[in-house]
Structure formats: structure tokens, C-alpha cells
$ cat start-v5.tsv   # TSV, C-alpha atoms
chain	number	residue	atom	x	y	z
A	1	MET	CA	21.40	42.66	257.27
A	2	ARG	CA	21.22	39.18	258.75
A	3	GLU	CA	17.59	38.91	257.64
A	4	ARG	CA	18.61	39.73	254.06
A	5	ILE	CA	21.33	37.06	254.20
A	6	TRP	CA	18.81	34.50	255.48
A	7	THR	CA	16.51	35.44	252.60
A	8	VAL	CA	19.28	34.77	250.08
A	9	VAL	CA	20.13	31.47	251.81
A	10	GLY	CA	16.50	30.36	251.58
A	11	ARG	CA	16.14	31.46	247.96
A	12	VAL	CA	19.35	29.77	246.80
A	13	CYS	CA	19.62	26.73	249.06
A	14	GLY	CA	16.04	26.07	250.11
A	15	PRO	CA	14.07	26.46	253.33
A	16	ASP	CA	15.82	23.59	255.16
A	17	PHE	CA	19.01	25.64	255.15
A	18	THR	CA	17.39	28.57	256.98
A	19	GLU	CA	17.49	26.93	260.40
A	20	PRO	CA	20.36	28.39	262.45
A	21	THR	CA	21.50	24.91	263.52
A	22	ALA	CA	21.31	23.44	260.00
A	23	ASN	CA	24.54	21.95	258.71
A	24	PHE	CA	25.34	22.84	255.09
A	25	TYR	CA	26.93	19.45	254.33
A	26	GLU	CA	24.37	17.30	256.14
A	27	LEU	CA	21.64	18.89	254.03
A	28	GLY	CA	23.47	18.00	250.82
A	29	GLY	CA	25.36	21.24	250.29
A	30	ASP	CA	28.35	21.01	247.97
A	31	SER	CA	30.79	23.32	246.21
A	32	LEU	CA	28.33	24.05	243.40
A	33	LEU	CA	25.62	25.15	245.84
A	34	ALA	CA	28.18	27.14	247.84
A	35	GLY	CA	29.18	28.96	244.65
A	36	GLU	CA	25.55	29.75	243.87
A	37	LEU	CA	25.08	31.04	247.41
A	38	MET	CA	28.13	33.29	247.17
A	39	THR	CA	26.90	34.60	243.80
A	40	GLY	CA	23.51	35.36	245.35
A	41	LEU	CA	25.15	37.24	248.21
A	42	ARG	CA	27.41	39.15	245.83
A	43	THR	CA	24.36	40.19	243.81
A	44	GLU	CA	22.46	41.22	246.95
A	45	PHE	CA	25.24	43.13	248.71
A	46	GLY	CA	27.67	44.11	245.98
A	47	VAL	CA	30.71	42.50	247.59
A	48	GLU	CA	32.68	39.32	246.98
A	49	LEU	CA	32.69	36.99	249.99
A	50	PRO	CA	35.12	34.11	250.43
A	51	MET	CA	33.60	30.69	249.86
A	52	THR	CA	35.45	29.45	252.92
A	53	LEU	CA	32.78	31.16	255.04
A	54	VAL	CA	30.26	28.46	254.22
A	55	PHE	CA	32.79	25.62	254.23
A	56	GLU	CA	34.21	26.48	257.65
A	57	ALA	CA	31.00	27.41	259.47
A	58	PRO	CA	29.75	24.73	261.87
A	59	ASP	CA	26.13	25.63	261.03
A	60	MET	CA	24.12	28.10	259.01
A	61	GLY	CA	23.66	30.46	261.96
A	62	ALA	CA	27.42	30.86	262.25
A	63	PHE	CA	27.67	31.29	258.49
A	64	VAL	CA	25.11	34.10	258.50
A	65	ASP	CA	26.89	35.83	261.40
A	66	ASP	CA	30.25	35.54	259.63
A	67	ALA	CA	28.80	36.67	256.30
A	68	ALA	CA	27.19	39.71	257.93
A	69	GLY	CA	30.54	40.67	259.44
A	70	GLU	CA	32.28	40.29	256.10
A	71	VAL	CA	29.66	42.32	254.24
A	72	THR	CA	30.02	45.12	256.78
A	73	GLN	CA	33.82	44.97	256.70
A	74	ARG	CA	33.91	45.04	252.91
A	75	GLY	CA	31.48	47.94	252.64
A	76	GLY	CA	28.54	46.08	251.16
A	77	SER	CA	25.12	47.60	251.02

$ encode --input "start-v5.tsv" --output "C-alpha cells"
Amino acid sequence: MRERIWTVVGRVCGPDFTEPTANFYELGGDSLLAGELMTGLRTEFGVELPMTLVFEAPDMGAFVDDAAGEVTQRGGS
């Protein structure tokens, strides 16, 4: 599942965001990009994830871990 999340991150945000230590904000991430990322994840997994996941994560590795947990908890595919 984490690999699928990384794929969505790369497709939506770009390859610079696929490094586990990458910081969403330092790479120019904003609320618009976060919304596009959440839409991409909703399309991929069929569940709505809270946008706070990306805003509160210290780096993209933590975001992917948190997102994977949320997808599992919410019954995503």
C-alpha cells in the first residue's frame, strides 16, 4: 500500500516529493497541492483522508506512513 501512496505522491506532487525526508512546505507545497494530493489518494483508494495528514507530517515519509494507516483504518482498497 505504501508503494501505491508513493506513486500517487510522485504523480501529483512531482518526483522531489517522493524522498522520505522531503518536506512538503520546503518544496513549495501549499493547500492547493495538498487538496490535489488528497483527491488523488481518494481516487486511488476509495476513501476520504483528512488534509491535516499532509499539513502535520514532519516529512513525506511520515505522511505516507500516516496515510497508509488511515487508508487501512477506513477500509480503503

$ closest_residue --input "start-v5.tsv" --among "A:Val12, A:Val47, A:Met60, A:Val71" --to "Glu26 of chain A" --atoms "all atoms listed in the file"
A:Met60

$ closest_residue --input "start-v5.tsv" --among "A:Arg11, A:Arg42, A:Arg2, A:Ala62" --to "Asn23 of chain A" --atoms "only C-alpha atoms"
A:Ala62

$ atom_distance --input "start-v5.tsv" --atom1 "atom CA of Met38 of chain A" --atom2 "atom CA of Met51 of chain A"
6.6 Å

$ closest_residue --input "start-v5.tsv" --among "A:Asp59, A:Glu3, A:Glu48, A:Glu70" --to "Leu27 of chain A" --atoms "only C-alpha atoms"
A:Asp59

$ closest_residue --input "start-v5.tsv" --among "A:Gly14, A:Val8, A:Val54, A:Thr43" --to "Asp30 of chain A" --atoms "only C-alpha atoms"
A:Val54

$ residues_around --input "start-v5.tsv" --residues "Gly28 of chain A" --least-positions-apart "4" --cutoff "12 Å" --atoms "all atoms listed in the file" --output "VMD selection string"
chain A and resid 13 to 14 16 to 17 22 to 24 32 to 34

$ atom_distance --input "start-v5.tsv" --atom1 "atom CA of Arg74 of chain A" --atom2 "atom CA of Thr18 of chain A"
23.7 Å

$ atom_distance --input "start-v5.tsv" --atom1 "atom CA of Gly75 of chain A" --atom2 "atom CA of Pro20 of chain A"
24.5 Å

$ decode --input "start-v5.tsv" --residues "segment 41-57 of chain A" --atoms "all heavy atoms" --output "CSV table (one decimal), in the first residue's frame"
chain,number,residue,atom,x,y,z
A,41,LEU,N,-5.4,10.5,-3.8
A,41,LEU,CA,-5.5,9.4,-2.9
A,41,LEU,C,-6.9,8.8,-2.7
A,41,LEU,O,-7.1,7.6,-2.7
A,41,LEU,CB,-4.9,9.7,-1.5
A,41,LEU,CG,-3.4,10.0,-1.5
A,41,LEU,CD1,-3.0,10.6,-0.2
A,41,LEU,CD2,-2.6,8.7,-1.8
A,42,ARG,N,-7.9,9.7,-2.7
A,42,ARG,CA,-9.3,9.3,-2.7
A,42,ARG,C,-9.6,8.5,-3.9
A,42,ARG,O,-10.3,7.4,-3.8
A,42,ARG,CB,-10.2,10.5,-2.5
A,42,ARG,CG,-11.7,10.1,-2.4
A,42,ARG,CD,-12.6,11.3,-2.2
A,42,ARG,NE,-12.6,12.2,-3.4
A,42,ARG,CZ,-12.2,13.4,-3.3
A,42,ARG,NH1,-11.9,14.0,-2.2
A,42,ARG,NH2,-12.2,14.2,-4.4
A,43,THR,N,-9.2,8.9,-5.1
A,43,THR,CA,-9.4,8.2,-6.3
A,43,THR,C,-8.7,6.8,-6.3
A,43,THR,O,-9.3,5.8,-6.7
A,43,THR,CB,-8.9,9.0,-7.5
A,43,THR,OG1,-9.6,10.3,-7.5
A,43,THR,CG2,-9.1,8.3,-8.8
A,44,GLU,N,-7.5,6.8,-5.8
A,44,GLU,CA,-6.8,5.5,-5.8
A,44,GLU,C,-7.3,4.5,-4.8
A,44,GLU,O,-7.4,3.3,-5.1
A,44,GLU,CB,-5.3,5.8,-5.4
A,44,GLU,CG,-4.4,4.6,-5.4
A,44,GLU,CD,-4.1,4.0,-6.7
A,44,GLU,OE1,-4.2,4.7,-7.8
A,44,GLU,OE2,-3.6,2.9,-6.8
A,45,PHE,N,-7.7,5.0,-3.6
A,45,PHE,CA,-8.1,4.1,-2.5
A,45,PHE,C,-9.6,4.0,-2.2
A,45,PHE,O,-10.0,3.2,-1.4
A,45,PHE,CB,-7.3,4.4,-1.3
A,45,PHE,CG,-5.8,4.1,-1.5
A,45,PHE,CD1,-4.9,5.2,-1.7
A,45,PHE,CD2,-5.3,2.8,-1.5
A,45,PHE,CE1,-3.6,4.9,-1.9
A,45,PHE,CE2,-3.9,2.6,-1.6
A,45,PHE,CZ,-3.1,3.6,-1.9
A,46,GLY,N,-10.3,5.0,-2.7
A,46,GLY,CA,-11.8,5.0,-2.4
A,46,GLY,C,-12.2,5.5,-1.0
A,46,GLY,O,-13.3,5.2,-0.6
A,47,VAL,N,-11.3,6.2,-0.4
A,47,VAL,CA,-11.6,6.7,1.0
A,47,VAL,C,-11.1,8.2,1.0
A,47,VAL,O,-10.2,8.6,0.4
A,47,VAL,CB,-10.9,5.9,2.1
A,47,VAL,CG1,-11.5,4.5,2.2
A,47,VAL,CG2,-9.4,5.9,2.0
A,48,GLU,N,-11.8,8.9,1.9
A,48,GLU,CA,-11.5,10.3,2.1
A,48,GLU,C,-10.5,10.4,3.3
A,48,GLU,O,-10.8,9.9,4.3
A,48,GLU,CB,-12.8,11.1,2.5
A,48,GLU,CG,-12.6,12.6,2.6
A,48,GLU,CD,-12.7,13.3,1.3
A,48,GLU,OE1,-13.3,12.8,0.3
A,48,GLU,OE2,-12.0,14.3,1.2
A,49,LEU,N,-9.4,11.0,3.0
A,49,LEU,CA,-8.4,11.2,4.1
A,49,LEU,C,-8.3,12.7,4.5
A,49,LEU,O,-8.5,13.6,3.7
A,49,LEU,CB,-7.0,10.8,3.5
A,49,LEU,CG,-6.9,9.4,3.1
A,49,LEU,CD1,-5.5,9.1,2.5
A,49,LEU,CD2,-7.2,8.4,4.2
A,50,PRO,N,-8.1,12.9,5.8
A,50,PRO,CA,-8.0,14.3,6.2
A,50,PRO,C,-6.8,15.0,5.7
A,50,PRO,O,-5.7,14.5,5.7
A,50,PRO,CB,-8.0,14.2,7.8
A,50,PRO,CG,-7.5,12.8,8.0
A,50,PRO,CD,-7.9,12.0,6.9
A,51,MET,N,-7.0,16.2,5.3
A,51,MET,CA,-5.9,17.0,4.7
A,51,MET,C,-4.8,17.3,5.8
A,51,MET,O,-3.7,17.6,5.5
A,51,MET,CB,-6.4,18.3,4.1
A,51,MET,CG,-6.0,18.5,2.7
A,51,MET,SD,-6.1,20.2,2.1
A,51,MET,CE,-7.6,20.1,1.2
A,52,THR,N,-5.2,17.3,7.0
A,52,THR,CA,-4.3,17.5,8.1
A,52,THR,C,-3.1,16.5,8.1
A,52,THR,O,-2.0,16.8,8.6
A,52,THR,CB,-5.0,17.5,9.5
A,52,THR,OG1,-5.6,16.2,9.7
A,52,THR,CG2,-5.9,18.6,9.6
A,53,LEU,N,-3.3,15.4,7.5
A,53,LEU,CA,-2.2,14.4,7.4
A,53,LEU,C,-1.0,15.0,6.8
A,53,LEU,O,0.1,14.8,7.3
A,53,LEU,CB,-2.6,13.2,6.6
A,53,LEU,CG,-3.6,12.2,7.3
A,53,LEU,CD1,-3.9,11.0,6.3
A,53,LEU,CD2,-3.0,11.6,8.6
A,54,VAL,N,-1.1,15.7,5.7
A,54,VAL,CA,0.0,16.3,5.0
A,54,VAL,C,0.5,17.5,5.7
A,54,VAL,O,1.7,17.8,5.7
A,54,VAL,CB,-0.3,16.5,3.5
A,54,VAL,CG1,-1.2,17.7,3.3
A,54,VAL,CG2,1.0,16.7,2.7
A,55,PHE,N,-0.4,18.3,6.3
A,55,PHE,CA,0.0,19.5,6.9
A,55,PHE,C,0.8,19.3,8.2
A,55,PHE,O,1.6,20.0,8.6
A,55,PHE,CB,-1.2,20.4,7.3
A,55,PHE,CG,-1.9,20.9,6.0
A,55,PHE,CD1,-3.3,21.0,6.0
A,55,PHE,CD2,-1.2,21.3,4.9
A,55,PHE,CE1,-4.0,21.4,4.9
A,55,PHE,CE2,-1.9,21.8,3.8
A,55,PHE,CZ,-3.3,21.9,3.8
A,56,GLU,N,0.4,18.2,8.9
A,56,GLU,CA,1.0,17.9,10.2
A,56,GLU,C,2.3,17.0,10.1
A,56,GLU,O,3.0,16.9,11.1
A,56,GLU,CB,0.0,17.3,11.2
A,56,GLU,CG,-1.1,18.3,11.5
A,56,GLU,CD,-2.2,17.8,12.3
A,56,GLU,OE1,-2.2,16.5,12.6
A,56,GLU,OE2,-3.1,18.5,12.7
A,57,ALA,N,2.5,16.3,9.0
A,57,ALA,CA,3.6,15.4,8.9
A,57,ALA,C,4.9,16.2,8.8
A,57,ALA,O,5.0,17.1,8.1
A,57,ALA,CB,3.4,14.5,7.7
